[in-house]
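Encoded as structure tokens, the structure appears first; notes follow it.
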Amino acid sequence: MNTDITASAKPEYPVIDRNPPFTKTVANFSTLDYVRLSTVTAVSVTVGYLSGIKPNIRGPSMVTGGLIGIMGGFMYAYQNSAGRFMGFFPNDAEVARYKRA
């Protein structure tokens, strides 16, 4: 049985780092990544507030929705940043930044 997860898909773009570390991936977040993270968080807070109106638990429901949203938004931004490093997403800016050294 082949357990290599990279065997199923080959990168379409230049590979900068096949296994980027956490700190490098987070430092590589683009403005669009931060916008997506903020949007997912804001929508989750709103949904949490609205879902807590009927049982009158708006505050706790809103906080829970916000926590779920910020975790989901972070994971989405992290996936995009790591995908650019590994060559699975368009990465022209990263190639220009990291390949000149």
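Residue numbers start at 1 in each chain; chains themselves are named A, B, ... in the order of the structure tokens; ligands are numbered from 1 in the order shown.
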Inset, instruction - Mind listing the alpha helix (DSSP H) residues of chain A, per DSSP on the backbone, as a VMD selection string? - result: chain A and resid 22 to 27 31 to 51 58 to 86 92 to 98
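For stretch 68-74 of chain A, the list of residues within 7 Å, based on only C-alpha atoms and with local chain neighbours fewer than 4 positions off taken out, reads Arg36, Leu37, Val40, Thr41, Ser44, Thr64 and Tyr78 of chain A.
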Export N, CA, C and O atoms of the chosen residues as a compact mmCIF listing (two decimals), in the first residue's frame?
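Result written to part29.txt:
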# COMPACT_ATOMS: atom_id res chain seq x y z
N ARG A 36 -9.65 36.58 3.68
CA ARG A 36 -10.46 35.37 3.79
C ARG A 36 -10.64 34.95 5.24
O ARG A 36 -11.74 34.57 5.66
N LEU A 37 -9.57 35.01 6.03
CA LEU A 37 -9.65 34.66 7.45
C LEU A 37 -10.64 35.57 8.15
O LEU A 37 -11.50 35.11 8.91
N VAL A 40 -14.36 34.77 6.96
CA VAL A 40 -14.90 33.54 7.56
C VAL A 40 -15.24 33.78 9.03
O VAL A 40 -16.29 33.35 9.52
N THR A 41 -14.37 34.50 9.74
CA THR A 41 -14.62 34.80 11.14
C THR A 41 -15.86 35.68 11.31
O THR A 41 -16.72 35.40 12.16
N SER A 44 -19.03 33.74 10.64
CA SER A 44 -19.30 32.79 11.73
C SER A 44 -19.83 33.49 12.98
O SER A 44 -20.71 32.95 13.66
N THR A 64 -18.81 31.28 20.47
CA THR A 64 -18.52 29.96 19.93
C THR A 64 -18.41 30.01 18.40
O THR A 64 -17.48 29.43 17.83
N TYR A 78 -3.88 28.96 5.97
CA TYR A 78 -2.68 28.13 6.08
C TYR A 78 -2.58 27.17 4.89
O TYR A 78 -1.51 26.97 4.32
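In this comparison, which uses only C-alpha atoms, the residue of A:Asn91, A:Gly83, A:Ala96, A:Met62 approaching A:Pro20 most closely is A:Gly83.
Using only C-alpha atoms, the smallest distance between any of A:Leu67, A:Phe29, A:Thr39, A:Ala9 and A:Gln79 comes from A:Phe29.
If you look at atom CA of A:Val47 and atom CA of A:Val35, they are 18.2 Å away from each other.
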If we count only C-alpha atoms, what is near A:Lys10 at a cut-off of 10 Å, once residues fewer than 6 positions away on the same chain are taken out, given as a PDB file with N, CA, C and O atoms, in the first residue's frame?
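Result file around30.pdb:
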ATOM      1  N   MET A  86       4.266  24.633  -1.893  1.00  0.00           N
ATOM      2  CA  MET A  86       4.441  23.286  -2.439  1.00  0.00           C
ATOM      3  C   MET A  86       4.118  23.201  -3.926  1.00  0.00           C
ATOM      4  O   MET A  86       4.242  22.141  -4.528  1.00  0.00           O
ATOM      5  N   GLY A  87       3.696  24.311  -4.545  1.00  0.00           N
ATOM      6  CA  GLY A  87       3.471  24.342  -5.975  1.00  0.00           C
ATOM      7  C   GLY A  87       2.097  23.886  -6.422  1.00  0.00           C
ATOM      8  O   GLY A  87       1.901  23.629  -7.606  1.00  0.00           O
ATOM      9  N   PHE A  88       1.142  23.785  -5.528  1.00  0.00           N
ATOM     10  CA  PHE A  88      -0.200  23.357  -5.902  1.00  0.00           C
ATOM     11  C   PHE A  88      -1.114  24.526  -6.275  1.00  0.00           C
ATOM     12  O   PHE A  88      -2.173  24.321  -6.859  1.00  0.00           O
TER      13      PHE A  88
END
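The interatomic distance for the pair atom CA of A:Ser81 and atom CA of A:Pro14 works out to 13.9 Å.
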Inset, instruction - Give me, please, the distance in Å between atom CA of A:Phe89 and atom CA of A:Glu12, quoted to one decimal. - result: 7.6 Å
